[in-house]
Every structure is written in structure tokens, then in C-alpha cells.
$ cat start.csv   # CSV, C-alpha atoms
chain,number,residue,atom,x,y,z
A,1,MET,CA,-22.2,-7.1,-9.2
A,2,LEU,CA,-19.4,-6.8,-6.7
A,3,SER,CA,-17.4,-9.5,-8.3
A,4,SER,CA,-17.3,-7.9,-11.8
A,5,GLY,CA,-13.8,-7.1,-13.1
A,6,TRP,CA,-11.9,-9.3,-10.6
A,7,GLY,CA,-10.8,-12.0,-13.0
A,8,GLY,CA,-7.4,-13.5,-12.8
A,9,ASP,CA,-5.9,-16.6,-11.2
A,10,SER,CA,-8.2,-17.9,-8.5
A,11,ALA,CA,-5.5,-20.2,-7.0
A,12,ASP,CA,-5.1,-19.9,-3.2
A,13,ARG,CA,-2.2,-17.5,-2.7
A,14,SER,CA,-3.0,-16.7,1.0
A,15,LEU,CA,-0.7,-17.6,3.8
A,16,ALA,CA,-1.7,-19.6,6.9
A,17,PRO,CA,-3.8,-17.6,9.4
A,18,VAL,CA,-1.7,-15.5,11.8
A,19,ARG,CA,-2.1,-14.6,15.4
A,20,VAL,CA,-1.6,-10.9,15.8
A,21,GLY,CA,0.7,-9.8,18.6
A,22,THR,CA,3.7,-7.6,19.3
A,23,ARG,CA,6.8,-9.1,17.8
A,24,LYS,CA,10.1,-7.6,18.9
A,25,PRO,CA,12.6,-6.9,16.1
A,26,THR,CA,16.1,-8.5,16.5
A,27,LEU,CA,19.4,-7.9,14.8
A,28,ASN,CA,18.3,-10.4,12.1
A,29,SER,CA,14.9,-8.8,11.5
A,30,PRO,CA,14.0,-7.6,8.0
A,31,ILE,CA,14.3,-3.9,7.3
A,32,ILE,CA,11.2,-2.2,6.0
A,33,GLY,CA,11.6,1.2,4.3
A,34,ILE,CA,8.7,3.6,4.9
A,35,ALA,CA,8.1,6.5,2.5
A,36,VAL,CA,7.4,9.7,4.5
A,37,ASP,CA,5.4,12.8,3.8
A,38,VAL,CA,6.6,16.4,4.0
A,39,ASP,CA,4.9,19.5,5.4
A,40,ASP,CA,5.8,23.2,5.8
A,41,ILE,CA,5.8,23.9,9.6
A,42,ASP,CA,6.7,27.3,10.9
A,43,GLY,CA,8.3,28.2,7.6
A,44,CYS,CA,10.4,25.0,7.6
A,45,ARG,CA,10.0,22.0,5.4
A,46,ARG,CA,9.9,18.9,7.7
A,47,TYR,CA,9.5,15.2,7.0
A,48,THR,CA,6.4,13.8,8.7
A,49,LEU,CA,4.9,10.4,9.3
A,50,ALA,CA,2.1,9.1,11.4
A,51,THR,CA,3.7,7.0,14.1
A,52,ALA,CA,1.1,4.2,13.5
A,53,TYR,CA,3.0,3.1,10.3
A,54,ALA,CA,6.3,2.6,12.1
A,55,ASP,CA,4.5,1.0,15.1
A,56,ALA,CA,2.7,-1.5,12.7
A,57,VAL,CA,6.0,-2.5,11.0
A,58,ARG,CA,7.8,-2.9,14.4
A,59,GLY,CA,4.9,-4.8,15.8
A,60,ALA,CA,5.2,-7.3,12.9
A,61,GLY,CA,8.8,-8.0,14.0
A,62,ALA,CA,10.5,-5.8,11.3
A,63,VAL,CA,12.8,-2.8,11.6
A,64,PRO,CA,11.1,0.4,10.3
A,65,VAL,CA,13.4,2.9,8.5
A,66,LEU,CA,12.2,6.2,7.2
A,67,LEU,CA,13.1,7.1,3.6
A,68,THR,CA,13.9,10.7,2.7
A,69,HIS,CA,12.8,12.2,-0.7
A,70,ASP,CA,15.9,11.8,-2.8
A,71,THR,CA,15.1,10.3,-6.2
A,72,ALA,CA,18.8,9.6,-6.7
A,73,LEU,CA,18.7,7.2,-3.7
A,74,ALA,CA,15.5,5.4,-4.7
A,75,GLU,CA,17.5,2.5,-6.3
A,76,THR,CA,19.7,2.3,-3.3
A,77,TYR,CA,16.8,2.2,-0.9
A,78,VAL,CA,15.1,-0.6,-2.9
A,79,ARG,CA,18.3,-2.7,-3.0
A,80,TRP,CA,19.1,-2.1,0.7
A,81,CYS,CA,15.6,-2.7,2.2
A,82,ASP,CA,13.8,-6.0,2.5
A,83,GLY,CA,10.4,-4.4,1.9
A,84,ILE,CA,8.9,-1.0,1.1
A,85,VAL,CA,5.7,0.7,2.5
A,86,LEU,CA,4.2,3.6,0.5
A,87,THR,CA,2.1,5.6,2.9
A,88,GLY,CA,-1.1,7.8,2.7
A,89,GLY,CA,-1.3,11.5,2.0
A,90,VAL,CA,-3.3,13.9,0.0
A,91,ASP,CA,-3.9,13.8,-3.8
A,92,PRO,CA,-1.6,12.9,-6.8
A,93,ARG,CA,-0.6,15.5,-9.3
A,94,MET,CA,-2.3,14.1,-12.3
A,95,GLU,CA,-0.4,16.1,-15.0
A,96,THR,CA,2.4,13.4,-14.6
A,97,PHE,CA,-0.1,10.9,-15.9
A,98,GLY,CA,-1.4,13.0,-18.8
A,99,VAL,CA,-4.6,14.5,-17.3
A,100,PRO,CA,-5.3,17.7,-15.4
A,101,THR,CA,-5.4,17.7,-11.6
A,102,ALA,CA,-9.0,18.5,-10.4
A,103,ALA,CA,-9.5,22.1,-9.3
A,104,ASP,CA,-10.6,21.0,-5.9
A,105,ALA,CA,-7.8,18.5,-5.3
A,106,ARG,CA,-5.2,18.9,-2.6
A,107,PRO,CA,-2.0,18.2,-4.6
A,108,MET,CA,0.7,16.3,-2.9
A,109,ASP,CA,4.2,17.7,-2.5
A,110,ALA,CA,5.8,17.4,-6.0
A,111,ARG,CA,9.2,16.2,-4.7
A,112,ARG,CA,7.4,13.5,-2.6
A,113,GLN,CA,5.5,12.3,-5.7
A,114,ALA,CA,8.6,12.1,-7.8
A,115,PHE,CA,10.3,10.1,-5.1
A,116,ASP,CA,7.4,7.7,-4.5
A,117,LEU,CA,7.2,7.1,-8.3
A,118,ALA,CA,11.0,6.6,-8.4
A,119,LEU,CA,10.6,3.9,-5.6
A,120,LEU,CA,7.9,2.2,-7.6
A,121,ALA,CA,10.1,2.2,-10.8
A,122,ALA,CA,13.1,0.8,-8.9
A,123,ALA,CA,10.9,-1.9,-7.3
A,124,ASP,CA,9.8,-2.9,-10.8
A,125,ARG,CA,13.5,-4.0,-11.3
A,126,ARG,CA,13.4,-6.0,-8.1
A,127,PRO,CA,10.2,-8.1,-8.3
A,128,GLU,CA,11.1,-10.2,-5.3
A,129,LEU,CA,10.9,-7.1,-3.0
A,130,PRO,CA,7.7,-7.0,-0.9
A,131,LEU,CA,5.7,-3.8,-1.5
A,132,LEU,CA,2.7,-2.6,0.5
A,133,ALA,CA,1.0,0.6,-0.8
A,134,ILE,CA,-1.5,2.3,1.5
A,135,CYS,CA,-4.2,4.8,0.5
A,136,LEU,CA,-2.4,7.5,-1.6
A,137,GLY,CA,0.4,4.9,-2.0
A,138,MET,CA,-2.1,2.5,-3.7
A,139,GLN,CA,-3.3,5.2,-6.0
A,140,LEU,CA,0.2,6.1,-7.1
A,141,MET,CA,1.0,2.3,-7.6
A,142,ALA,CA,-2.1,1.9,-9.8
A,143,LEU,CA,-1.3,5.0,-11.8
A,144,HIS,CA,2.3,3.9,-12.2
A,145,ARG,CA,1.0,0.6,-13.6
A,146,GLY,CA,-1.3,2.1,-16.2
A,147,GLY,CA,-4.5,2.7,-14.1
A,148,THR,CA,-6.7,5.7,-13.8
A,149,LEU,CA,-8.0,7.8,-10.9
A,150,ASN,CA,-11.5,9.0,-9.9
A,151,GLN,CA,-10.5,12.4,-8.6
A,152,SER,CA,-13.8,13.0,-6.7
A,153,LEU,CA,-15.8,10.2,-5.1
A,154,ALA,CA,-18.4,12.8,-4.1
A,155,ARG,CA,-19.4,13.3,-7.7
A,156,THR,CA,-19.9,9.6,-8.4
A,157,HIS,CA,-20.8,8.1,-5.0
A,158,PRO,CA,-23.7,9.6,-3.0
A,159,ASN,CA,-22.3,8.2,0.2
A,160,ALA,CA,-18.7,9.1,-0.4
A,161,ASP,CA,-18.3,10.5,3.1
A,162,ARG,CA,-18.4,6.9,4.5
A,163,HIS,CA,-14.8,6.5,3.1
A,164,ALA,CA,-13.5,9.7,4.8
A,165,ASP,CA,-12.5,10.8,8.3
A,166,HIS,CA,-11.1,7.3,9.3
A,167,ARG,CA,-14.6,5.8,9.3
A,168,CYS,CA,-15.1,2.0,9.3
A,169,HIS,CA,-16.9,0.3,6.4
A,170,PRO,CA,-17.1,-3.2,5.0
A,171,VAL,CA,-15.2,-4.6,2.0
A,172,LEU,CA,-15.6,-7.8,0.0
A,173,VAL,CA,-12.3,-9.6,-0.3
A,174,ARG,CA,-11.6,-12.2,-3.0
A,175,GLY,CA,-10.2,-15.4,-1.6
A,176,GLY,CA,-6.7,-16.7,-2.3
A,177,CYS,CA,-4.9,-13.3,-2.6
A,178,THR,CA,-2.1,-11.4,-0.9
A,179,LEU,CA,-4.6,-10.2,1.7
A,180,GLY,CA,-4.4,-13.6,3.3
A,181,VAL,CA,-8.1,-14.6,3.2
A,182,ALA,CA,-8.6,-18.2,2.0
A,183,ALA,CA,-12.1,-17.8,0.7
A,184,GLU,CA,-14.2,-14.9,-0.5
A,185,ARG,CA,-15.3,-12.9,2.6
A,186,PRO,CA,-17.9,-10.1,2.5
A,187,GLY,CA,-18.3,-7.7,5.4
A,188,GLU,CA,-14.6,-7.4,6.6
A,189,GLN,CA,-14.3,-4.0,8.3
A,190,VAL,CA,-11.6,-1.5,7.4
A,191,VAL,CA,-10.8,2.1,8.3
A,192,SER,CA,-10.6,4.6,5.4
A,193,ASN,CA,-9.8,8.3,4.9
A,194,HIS,CA,-9.8,9.3,1.2
A,195,ARG,CA,-11.7,11.5,-1.2
A,196,GLN,CA,-10.3,9.9,-4.4
A,197,ALA,CA,-10.0,6.3,-5.5
A,198,VAL,CA,-8.6,4.1,-8.2
A,199,GLU,CA,-10.9,3.9,-11.2
A,200,LYS,CA,-9.0,1.4,-13.3
A,201,ALA,CA,-6.2,-0.8,-11.9
A,202,GLY,CA,-4.0,-1.0,-15.0
A,203,ASP,CA,-2.2,-4.3,-15.1
A,204,LEU,CA,-2.9,-4.9,-11.4
A,205,GLN,CA,-5.5,-7.4,-10.2
A,206,ILE,CA,-8.5,-6.1,-8.2
A,207,VAL,CA,-8.8,-8.2,-5.0
A,208,ALA,CA,-11.2,-6.2,-2.8
A,209,VAL,CA,-14.1,-3.8,-3.3
A,210,SER,CA,-16.5,-1.9,-1.1
A,211,ASP,CA,-20.2,-2.5,-1.3
A,212,ASP,CA,-20.5,0.7,-3.3
A,213,GLU,CA,-18.1,-0.5,-5.9
A,214,VAL,CA,-15.0,1.5,-4.8
A,215,ILE,CA,-11.8,-0.5,-5.6
A,216,GLU,CA,-10.3,-1.2,-2.2
A,217,ALA,CA,-7.3,-3.5,-2.9
A,218,VAL,CA,-5.1,-4.5,-5.8
A,219,GLU,CA,-2.2,-6.8,-6.2
A,220,ASP,CA,0.4,-8.1,-8.7
A,221,PRO,CA,0.0,-11.9,-8.5
A,222,ARG,CA,3.3,-12.4,-10.4
A,223,ARG,CA,5.2,-11.1,-7.3
A,224,PRO,CA,5.5,-12.8,-3.9
A,225,PHE,CA,4.0,-9.8,-2.1
A,226,CYS,CA,2.9,-6.7,-4.0
A,227,CYS,CA,-0.3,-5.3,-2.6
A,228,GLY,CA,-2.1,-1.9,-2.5
A,229,VAL,CA,-5.0,-1.2,-0.1
A,230,GLN,CA,-7.2,1.9,-0.1
A,231,TRP,CA,-7.8,1.6,3.6
A,232,HIS,CA,-5.4,2.3,6.6
A,233,PRO,CA,-4.3,-1.1,8.0
A,234,GLU,CA,-2.0,0.6,10.4
A,235,ARG,CA,-5.1,2.1,12.2
A,236,GLY,CA,-7.3,-0.9,12.0
A,237,GLY,CA,-6.1,-3.0,14.9
A,238,GLU,CA,-6.0,-6.8,14.7
A,239,GLY,CA,-7.3,-9.0,12.0
A,240,PRO,CA,-6.1,-10.3,8.6
A,241,LEU,CA,-6.7,-7.0,6.8
A,242,ASN,CA,-4.9,-4.9,9.3
A,243,ALA,CA,-2.1,-6.0,11.6
A,244,GLY,CA,-2.1,-9.3,9.9
A,245,LEU,CA,-1.3,-7.6,6.6
A,246,PHE,CA,1.9,-6.2,8.2
A,247,LEU,CA,2.8,-9.6,9.6
A,248,ARG,CA,2.5,-11.2,6.1
A,249,MET,CA,4.6,-8.5,4.6
A,250,ALA,CA,7.3,-9.0,7.3
A,251,GLU,CA,7.3,-12.7,6.6
A,252,ALA,CA,7.7,-12.0,2.9
A,253,ALA,CA,10.5,-9.5,3.7
A,254,ARG,CA,12.2,-12.1,5.8
A,255,SER,CA,12.2,-14.5,2.9
A,256,CYS,CA,13.5,-11.8,0.6
A,257,ALA,CA,16.3,-11.0,3.0
A,258,VAL,CA,17.3,-14.7,3.3
A,259,ALA,CA,17.3,-15.0,-0.5
A,260,SER,CA,19.4,-11.9,-1.0
A,261,THR,CA,21.9,-13.1,1.6
A,262,ALA,CA,22.2,-16.5,-0.1
A,263,ARG,CA,22.7,-14.9,-3.5
A,264,LEU,CA,25.4,-12.6,-2.2
A,265,ALA,CA,27.2,-15.5,-0.6
A,266,THR,CA,27.5,-17.5,-3.9
$ encode --input "start.csv" --output "C-alpha cells"
Amino acid sequence: MLSSGWGGDSADRSLAPVRVGTRKPTLNSPIIGIAVDVDDIDGCRRYTLATAYADAVRGAGAVPVLLTHDTALAETYVRWCDGIVLTGGVDPRMETFGVPTAADARPMDARRQAFDLALLAAADRRPELPLLAICLGMQLMALHRGGTLNQSLARTHPNADRHADHRCHPVLVRGGCTLGVAAERPGEQVVSNHRQAVEKAGDLQIVAVSDDEVIEAVEDPRRPFCCGVQWHPERGGEGPLNAGLFLRMAEAARSCAVASTARLAT
């Protein structure tokens, strides 16, 4: 059954429907930190990021700021930003979580992994901070919260290739969750590009699955906005699970910024 293992509070936590459009950031817009990747290009290590992430944040009316891989700055970034986006990439190094990395894995940059996990740990100490974890980011968030990882969908799912190469496929979304869907909705289309997936979500709540039982989204219902999605909302265009997700995050970040300002003023 697709609904097995969802559990948790069924209260409606979704926000009002949003109209997707381009919102221009202002001097008072929330600041969203985006964790970047790193690549060796022509013998030089360079920070890299698909521009779609920054475009999606900016289109939601927030200011995108790219975060460099310095674990000593993770706490500062989390205190300075009004929201954090953990982005996609290759595969986690599983030794950090007590199991071997699969032989056919494409291990992510070790320094990036340490930094992303430091951001997650710092965010644990600021629960009001909105957090959106995408693809690899969701996998790291689940592992950080006690979950496990299926390191090869191809070994367990005969049609695993439907989740790769930025293909579209449907997901079933539980209503009343961070994803902003008021009632359970099957058949919502998303864009995916991954070969691994969360197997167990730890202390996070599963809020969306694919029709072949891949966990597609998780959240922490104890926080105002803490969501991980296995798909790529920055590439999915309009709709509640794509641009609408960035809009809801920006609204949560705006509320976080207002609350932080008010606290500092007292």
C-alpha cells in the first residue's frame, strides 16, 4: 500500500494555495543560503551550482546567497540566513554513518559532505529556521536524522531508470503537510535525477512516495518549515510541488526574519 508507514499527525499544515510568478527581491527580502557543490575543473577546485536553484529562490522573492564549504562558518551561516537550501549532487560517503559506501557509488566531495552535515547540525539548534533539502540534500538530512539509504535503486526497483536523467514521474502526496497540498493527491508530476534513495526516514515523517514505493518527501512536523524532497523542484516549473515549494519556503523565511528582528530588538 502506498500509504503504509506515513503515520503521524494528519492535521492540515498546508498553507493557502499560491499563484506562481516572478517576485522581485527587495532590501527587506529574506536571505536564503544555498549549499553549493565543488568540482575539479582544469586542475582547479571550483564551487559550482546549477543556476536553477538561485533562480528559483530569487523568483520566490528571496535573496539567494551561496555558502562556501567551511565547517567553522556553518553556525554563522545558520544564524545569519533566514533559510537554507541543501542542493543535489552525487552520493553520500556512507562510512560517516557506519556502513560501507557501495562499490559503484559516486562519492560526493568529502569536504562538501562535512559542511552540509555541519549545516544540518547547526540548523538543529535553530528549529525556527526554514530548511529545504533537495535530492542528495534530502538523503543527507534523513541520514543525519537516523535514517538509512538504499544505495542502488537498480537492485531493488526494476524501473529505477524512471527516477534518473531528469525524467518526470508521478508521486502520491499526503495532505496537510509542508508540501502545501490540502488533501491527499496522487499523480502529481515531479522531475527526478537520482540512483539512490532514502530507505528509512529516521525521526522524519514521510509525506510523499512514488507509485513504486520510493520515498519522495519527508518533513519534520515539529518545525515551521523543514522539508526534504527527492525530486528537483527548481527544474519542475510551476505548481505546488515545484515553484510553489520555494514560495512557501520564502514566506516561512520572511516570518523567521521578522521574528529574529523582533527578538533582537527586545
$ closest_residue --input "start.csv" --among "A:Ala105, A:Met141, A:Ile41, A:Cys135" --to "Asp91 in chain A" --atoms "only C-alpha atoms"
A:Ala105
$ residues_around --input "start.csv" --residues "Cys256 in chain A" --least-positions-apart "3" --cutoff "12 Å" --atoms "only C-alpha atoms" --output "NGL selection string"
:A and (29-32 or 78-84 or 126-131 or 223-225 or 249-253 or 259-263)
$ residues_around --input "start.csv" --residues "range 153-166 of chain A" --least-positions-apart "2" --cutoff "6 Å" --atoms "all atoms listed in the file" --output "list of chain:residue names"
A:Val191, A:Ser192, A:Asn193, A:His194, A:Arg195, A:Gln196
$ write_last_selection --input "start.csv" --atoms "C-alpha atoms" --output "PDB file, in the frame of the given file"
ATOM      1  CA  VAL A 191     -10.800   2.100   8.300  1.00  0.00           C
ATOM      2  CA  SER A 192     -10.600   4.600   5.400  1.00  0.00           C
ATOM      3  CA  ASN A 193      -9.800   8.300   4.900  1.00  0.00           C
ATOM      4  CA  HIS A 194      -9.800   9.300   1.200  1.00  0.00           C
ATOM      5  CA  ARG A 195     -11.700  11.500  -1.200  1.00  0.00           C
ATOM      6  CA  GLN A 196     -10.300   9.900  -4.400  1.00  0.00           C
TER       7      GLN A 196
END
$ residues_around --input "start.csv" --residues "Ala133 in chain A" --least-positions-apart "3" --cutoff "9 Å" --atoms "all atoms listed in the file" --output "PyMOL selection string"
chain A and resi 84-88+136-141+226-230
$ write_last_selection --input "start.csv" --atoms "C-alpha atoms" --output "JSON list (two decimals), in the coordinates of the input"
[["chain", "number", "residue", "atom", "x", "y", "z"],
["A", 84, "ILE", "CA", 8.90, -1.00, 1.10],
["A", 85, "VAL", "CA", 5.70, 0.70, 2.50],
["A", 86, "LEU", "CA", 4.20, 3.60, 0.50],
["A", 87, "THR", "CA", 2.10, 5.60, 2.90],
["A", 88, "GLY", "CA", -1.10, 7.80, 2.70],
["A", 136, "LEU", "CA", -2.40, 7.50, -1.60],
["A", 137, "GLY", "CA", 0.40, 4.90, -2.00],
["A", 138, "MET", "CA", -2.10, 2.50, -3.70],
["A", 139, "GLN", "CA", -3.30, 5.20, -6.00],
["A", 140, "LEU", "CA", 0.20, 6.10, -7.10],
["A", 141, "MET", "CA", 1.00, 2.30, -7.60],
["A", 226, "CYS", "CA", 2.90, -6.70, -4.00],
["A", 227, "CYS", "CA", -0.30, -5.30, -2.60],
["A", 228, "GLY", "CA", -2.10, -1.90, -2.50],
["A", 229, "VAL", "CA", -5.00, -1.20, -0.10],
["A", 230, "GLN", "CA", -7.20, 1.90, -0.10]]
$ residues_around --input "start.csv" --residues "Met108 in chain A" --least-positions-apart "5" --cutoff "7 Å" --atoms "only C-alpha atoms" --output "VMD selection string"
chain A and resid 90 to 93 113
$ write_last_selection --input "start.csv" --atoms "C-alpha atoms" --output "compact mmCIF listing (two decimals), in the coordinates of the input"
# COMPACT_ATOMS: atom_id res chain seq x y z
CA VAL A 90 -3.30 13.90 0.00
CA ASP A 91 -3.90 13.80 -3.80
CA PRO A 92 -1.60 12.90 -6.80
CA ARG A 93 -0.60 15.50 -9.30
CA GLN A 113 5.50 12.30 -5.70
$ closest_residue --input "start.csv" --among "A:Gly43, A:Pro25, A:Pro221, A:Gly61" --to "Leu247 in chain A" --atoms "only C-alpha atoms"
A:Gly61
$ atom_distance --input "start.csv" --atom1 "CA of Val57 in chain A" --atom2 "CA of Arg254 in chain A"
12.6 Å
